[in-house]
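Trainee: Sending over coords_2.pdb (PDB, C-alpha atoms and all ligand atoms).
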```pdb
ATOM      1  CA  MET A   1       9.210  23.613   5.694
ATOM      2  CA  THR A   2       8.209  20.825   3.300
ATOM      3  CA  ALA A   3       4.926  19.037   3.962
ATOM      4  CA  PRO A   4       5.107  15.639   5.644
ATOM      5  CA  VAL A   5       4.577  12.797   3.188
ATOM      6  CA  LEU A   6       2.321   9.760   3.100
ATOM      7  CA  LEU A   7       3.601   7.162   0.643
ATOM      8  CA  VAL A   8       1.280   4.752  -1.178
ATOM      9  CA  LEU A   9       2.987   1.835  -2.920
ATOM     10  CA  ASN A  10       1.333  -0.483  -5.433
ATOM     11  CA  GLY A  11       2.743  -3.711  -6.749
ATOM     12  CA  PRO A  12       2.237  -5.859  -9.839
ATOM     13  CA  ASN A  13      -0.799  -5.723 -12.104
ATOM     14  CA  LEU A  14      -2.419  -2.870 -10.192
ATOM     15  CA  ASP A  15      -1.721  -0.632 -13.191
ATOM     16  CA  ARG A  16      -4.432  -2.724 -14.895
ATOM     17  CA  LEU A  17      -7.202  -1.723 -12.492
ATOM     18  CA  GLY A  18     -10.364  -0.680 -14.288
ATOM     19  CA  THR A  19     -10.195  -3.532 -16.787
ATOM     20  CA  ARG A  20      -8.541  -6.304 -14.727
ATOM     21  CA  GLU A  21     -11.158  -8.744 -13.361
ATOM     22  CA  PRO A  22     -13.622  -5.966 -12.495
ATOM     23  CA  ALA A  23     -15.862  -8.383 -10.593
ATOM     24  CA  VAL A  24     -12.979  -8.860  -8.148
ATOM     25  CA  TYR A  25     -11.147  -5.523  -8.231
ATOM     26  CA  GLY A  26     -13.848  -3.051  -9.301
ATOM     27  CA  ARG A  27     -13.983  -0.566 -12.168
ATOM     28  CA  GLU A  28     -11.959   2.241 -10.596
ATOM     29  CA  THR A  29      -8.588   2.860 -12.222
ATOM     30  CA  LEU A  30      -5.395   3.383 -10.262
ATOM     31  CA  ALA A  31      -5.538   7.038 -11.341
ATOM     32  CA  ASP A  32      -9.021   7.319  -9.762
ATOM     33  CA  ILE A  33      -7.675   5.816  -6.535
ATOM     34  CA  GLU A  34      -4.652   8.112  -6.581
ATOM     35  CA  ALA A  35      -6.920  11.187  -6.906
ATOM     36  CA  ALA A  36      -9.036  10.066  -3.942
ATOM     37  CA  CYS A  37      -5.905   9.400  -1.859
ATOM     38  CA  ARG A  38      -4.436  12.775  -2.770
ATOM     39  CA  ALA A  39      -7.592  14.588  -1.651
ATOM     40  CA  ALA A  40      -7.675  12.625   1.623
ATOM     41  CA  ALA A  41      -3.972  13.224   2.323
ATOM     42  CA  GLU A  42      -3.986  16.933   1.457
ATOM     43  CA  ALA A  43      -7.128  17.526   3.546
ATOM     44  CA  ARG A  44      -5.055  16.289   6.500
ATOM     45  CA  GLY A  45      -1.955  18.378   5.708
ATOM     46  CA  TYR A  46       0.106  15.681   3.980
ATOM     47  CA  ALA A  47       1.681  15.538   0.558
ATOM     48  CA  LEU A  48       0.951  12.263  -1.226
ATOM     49  CA  ASP A  49       3.573  10.182  -2.988
ATOM     50  CA  PHE A  50       1.731   7.488  -4.978
ATOM     51  CA  ARG A  51       3.617   4.871  -6.999
ATOM     52  CA  GLN A  52       3.102   1.598  -8.859
ATOM     53  CA  THR A  53       5.584  -0.919 -10.202
ATOM     54  CA  ASN A  54       5.493  -4.411 -11.649
ATOM     55  CA  HIS A  55       9.013  -5.092 -10.349
ATOM     56  CA  GLU A  56       9.802  -6.474  -6.904
ATOM     57  CA  GLY A  57      13.257  -4.862  -6.704
ATOM     58  CA  THR A  58      11.822  -1.442  -7.508
ATOM     59  CA  LEU A  59       9.362  -1.852  -4.643
ATOM     60  CA  LEU A  60      12.267  -2.678  -2.323
ATOM     61  CA  ASP A  61      14.256   0.357  -3.548
ATOM     62  CA  TRP A  62      11.280   2.630  -2.897
ATOM     63  CA  ILE A  63      10.867   1.237   0.627
ATOM     64  CA  HIS A  64      14.558   1.844   1.313
ATOM     65  CA  GLU A  65      14.159   5.397  -0.002
ATOM     66  CA  ALA A  66      11.192   5.940   2.336
ATOM     67  CA  ALA A  67      13.126   4.508   5.290
ATOM     68  CA  ASP A  68      15.866   7.098   4.658
ATOM     69  CA  SER A  69      13.498  10.039   4.141
ATOM     70  CA  PRO A  70      12.652  12.064   7.244
ATOM     71  CA  ALA A  71       9.614  13.492   5.417
ATOM     72  CA  THR A  72       7.851  10.100   5.220
ATOM     73  CA  ARG A  73       5.301   9.734   8.041
ATOM     74  CA  GLY A  74       3.456   6.613   6.941
ATOM     75  CA  VAL A  75       3.251   4.011   4.199
ATOM     76  CA  ALA A  76       0.216   2.262   2.702
ATOM     77  CA  ILE A  77       1.072  -0.706   0.535
ATOM     78  CA  ASN A  78      -0.860  -2.978  -1.775
ATOM     79  CA  ALA A  79       1.924  -5.279  -2.842
ATOM     80  CA  GLY A  80      -0.372  -7.315  -5.099
ATOM     81  CA  ALA A  81       0.818 -10.895  -5.475
ATOM     82  CA  TYR A  82       4.176 -10.102  -3.807
ATOM     83  CA  THR A  83       2.161  -9.915  -0.583
ATOM     84  CA  HIS A  84       1.918 -13.701  -0.658
ATOM     85  CA  THR A  85       5.420 -14.548  -1.882
ATOM     86  CA  SER A  86       8.063 -12.028  -0.882
ATOM     87  CA  VAL A  87      10.263 -12.480   2.173
ATOM     88  CA  ALA A  88      12.431  -9.706   0.699
ATOM     89  CA  LEU A  89       9.443  -7.356   0.859
ATOM     90  CA  HIS A  90       8.809  -8.343   4.481
ATOM     91  CA  ASP A  91      12.446  -7.658   5.353
ATOM     92  CA  ALA A  92      12.417  -4.267   3.592
ATOM     93  CA  LEU A  93       9.215  -3.191   5.358
ATOM     94  CA  ARG A  94      10.873  -3.995   8.686
ATOM     95  CA  LEU A  95      13.289  -1.118   7.952
ATOM     96  CA  LEU A  96      10.518   1.470   8.072
ATOM     97  CA  PRO A  97      10.323   3.532  11.260
ATOM     98  CA  VAL A  98       6.779   4.714  10.427
ATOM     99  CA  PRO A  99       3.321   3.078  10.523
ATOM    100  CA  ILE A 100       2.447   0.726   7.662
ATOM    101  CA  VAL A 101      -1.043  -0.118   6.423
ATOM    102  CA  GLU A 102      -1.520  -3.215   4.263
ATOM    103  CA  VAL A 103      -4.213  -2.634   1.647
ATOM    104  CA  HIS A 104      -6.106  -5.027  -0.607
ATOM    105  CA  LEU A 105      -9.032  -4.179  -2.809
ATOM    106  CA  SER A 106     -10.512  -7.654  -2.369
ATOM    107  CA  ASN A 107     -10.985  -9.675   0.803
ATOM    108  CA  VAL A 108      -8.119 -12.067   0.227
ATOM    109  CA  HIS A 109      -9.374 -14.421   2.954
ATOM    110  CA  ALA A 110     -12.540 -15.050   0.955
ATOM    111  CA  ARG A 111     -10.441 -16.104  -2.049
ATOM    112  CA  GLU A 112      -7.978 -18.893  -2.947
ATOM    113  CA  ALA A 113      -5.919 -20.376  -0.093
ATOM    114  CA  PHE A 114      -2.645 -19.159  -1.645
ATOM    115  CA  ARG A 115      -3.816 -15.587  -0.984
ATOM    116  CA  HIS A 116      -4.388 -16.199   2.729
ATOM    117  CA  ARG A 117      -0.704 -15.951   3.598
ATOM    118  CA  SER A 118       0.749 -12.444   3.804
ATOM    119  CA  PHE A 119       4.371 -11.461   4.331
ATOM    120  CA  VAL A 120       3.197  -7.873   4.878
ATOM    121  CA  SER A 121       0.718  -8.465   7.728
ATOM    122  CA  PRO A 122       3.327  -9.228  10.436
ATOM    123  CA  VAL A 123       4.911  -5.797   9.946
ATOM    124  CA  ALA A 124       1.695  -3.828   9.393
ATOM    125  CA  THR A 125       0.180  -1.481  11.948
ATOM    126  CA  GLY A 126      -3.215  -2.179  10.361
ATOM    127  CA  ILE A 127      -4.854  -3.933   7.434
ATOM    128  CA  VAL A 128      -7.687  -2.774   5.136
ATOM    129  CA  MET A 129      -9.234  -5.216   2.673
ATOM    130  CA  GLY A 130     -12.471  -5.829   0.838
ATOM    131  CA  PHE A 131     -13.543  -2.206   0.322
ATOM    132  CA  GLY A 132     -12.249  -1.793  -3.223
ATOM    133  CA  GLY A 133     -10.522   1.503  -3.965
ATOM    134  CA  HIS A 134     -12.116   3.121  -0.923
ATOM    135  CA  GLY A 135      -9.811   0.987   1.213
ATOM    136  CA  TYR A 136      -6.906   3.194   0.168
ATOM    137  CA  VAL A 137      -8.694   6.274   1.545
ATOM    138  CA  LEU A 138      -9.371   4.364   4.769
ATOM    139  CA  ALA A 139      -5.646   3.589   4.919
ATOM    140  CA  ILE A 140      -4.748   7.289   4.517
ATOM    141  CA  GLU A 141      -7.212   8.177   7.282
ATOM    142  CA  GLY A 142      -5.777   5.454   9.508
ATOM    143  CA  LEU A 143      -2.195   6.564   8.944
ATOM    144  CA  ALA A 144      -3.045  10.215   9.640
ATOM    145  CA  ALA A 145      -4.855   9.255  12.861
ATOM    146  CA  ARG A 146      -1.955   7.104  13.963
ATOM    147  CA  VAL A 147       0.597   9.861  13.281
ATOM    148  CA  ALA A 148      -1.566  12.415  15.127
ATOM    149  CA  ALA A 149      -1.687  10.069  18.124
ATOM    150  CA  ALA A 150       2.091   9.527  18.094
ATOM    151  CA  PRO A 151       3.863  12.284  16.135
ATOM    152  CA  ALA A 152       7.406  11.620  14.842
ATOM    153  CA  GLY A 153      10.020  12.492  17.461
ATOM    154  CA  ALA A 154       7.426  12.625  20.289
TER     155      ALA A 154
HETATM  156  C1  LIG A 201      -4.226  -7.577  -5.487
HETATM  157  C2  LIG A 201      -3.571  -8.533  -6.198
HETATM  158  O1  LIG A 201      -2.948  -8.219  -7.326
HETATM  159  C3  LIG A 201      -3.571  -9.944  -5.781
HETATM  160  O2  LIG A 201      -2.398 -10.621  -6.166
HETATM  161  C4  LIG A 201      -3.800 -10.094  -4.295
HETATM  162  C5  LIG A 201      -4.797  -7.835  -4.149
HETATM  163  C6  LIG A 201      -5.002  -9.299  -3.848
HETATM  164  C7  LIG A 201      -6.008  -6.952  -3.870
HETATM  165  O3  LIG A 201      -7.076  -7.434  -3.525
HETATM  166  O4  LIG A 201      -5.852  -5.734  -3.973
HETATM  167  O5  LIG A 201      -3.961 -11.455  -3.983
END
```
Please express the file's structure as structure tokens.
Mentor:
Amino acid sequence: MTAPVLLVLNGPNLDRLGTREPAVYGRETLADIEAACRAAAEARGYALDFRQTNHEGTLLDWIHEAADSPATRGVAINAGAYTHTSVALHDALRLLPVPIVEVHLSNVHAREAFRHRSFVSPVATGIVMGFGGHGYVLAIEGLAARVAAAPAGA
């Protein structure tokens, strides 16, 4: 039997973590965050699928793929700026039959007003923001706890 999968999706500009506005986003790279997520997922018996794209359509395709995959048990998503702009992303996330955690490195509510609106929040099971890269690990822990409380098919 293949291991159940937790999917972590990252949107635009997150490939620049480490050097991008470190005062806001920290000095950890996306590879550092991926390694921490992988350890957290595998410790809980999940395989980790961790992806980043700068393209909105690719994000949508990956969400569709996850919606069709019986192995996917939960999705954490930092959609970057698409969080605040994309109705298409909202609609795609509505297709997912598994828990969703919205992740942001920064506390978007303490920033510019245009970041206060999220098209992800209405479809999220939970939201983690303001903890830098550690927020992704909190999201993995939250997804695993949620799945343990309500396993697929139960
Ligand atoms: C990341 C981005 O790229 C921004 O567009 C969001 C988010 C905030 C973050 O804090 O991880 O507004």
Trainee: What residues come out when you apply the PyMOL selection byres (((not hetatm)) within 10 of (chain A and resi 201)) to this file, written as a ChimeraX atom specification?
Mentor: /A:10-17,20,24-26,77-85,102-109,111-118,128-133,135-136
Trainee: Do you have the CA of His134 in chain A-CA of Ala152 in chain A distance handy?
Mentor: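 The value is 26.5 Å.
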Trainee: I'd like to see the residues matched by the PyMOL selection byres (((chain A and resi 34) around 10) and not hetatm) on this file, and ideally I'd get them as a list in words.
Mentor: Val8, Thr29, Leu30, Ala31, Asp32, Ile33, Ala35, Ala36, Cys37, Arg38, Ala39, Ala40, Leu48, Asp49, Phe50, Arg51, Gly133, Tyr136 and Val137 of chain A
Trainee: Pick from A:Ala76, A:Ile63, A:Ala144, A:Ala92: nearest to Tyr46 in chain A, with all atoms listed in the file counted?
Mentor: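 Using all atoms listed in the file, Tyr46 in chain A sits closest to A:Ala144.
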Trainee: Could you please determine the separation between CA of Leu9 in chain A and CA of Ala110 in chain A in Å, to one decimal place?
Mentor: 23.3 Å
Trainee: Could you work out how far CA of Arg73 in chain A lies from CA of Leu6 in chain A, giving the answer in Å with one decimal?
Mentor: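 Rounded to one decimal, the two atoms are 5.8 Å apart.
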Trainee: So which residues fall inside 8 Å of (7.7, 0.1, 8.6) if we count only C-alpha atoms? Mind giving them as a PyMOL selection string?
Mentor: chain A and resi 67+74-75+93-100+123-124
Trainee: Which one of A:Val101, A:Asp68, A:Thr19, A:Thr58 sits closest to Ile140 in chain A if you count all atoms listed in the file?
Mentor: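 Of A:Val101, A:Asp68, A:Thr19, A:Thr58, the one nearest Ile140 in chain A is A:Val101, counting all atoms listed in the file.
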Trainee: Which of these residues is nearest to Val147 in chain A, using all atoms listed in the file: A:Gly18, A:Pro122, A:Val5, A:Ala88?
Mentor: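 Once distances to Val147 in chain A are computed over all atoms listed in the file, the minimum belongs to A:Val5.
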Trainee: Evaluate the PyMOL selection byres (((chain A and resi 45) around 9) and not hetatm) here and jot the selected residues down as a list in words.
Mentor: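 Given this file, the PyMOL selection byres (((chain A and resi 45) around 9) and not hetatm) evaluates to Ala3, Pro4, Val5, Ala41, Glu42, Ala43, Arg44, Tyr46 and Ala47 of chain A.
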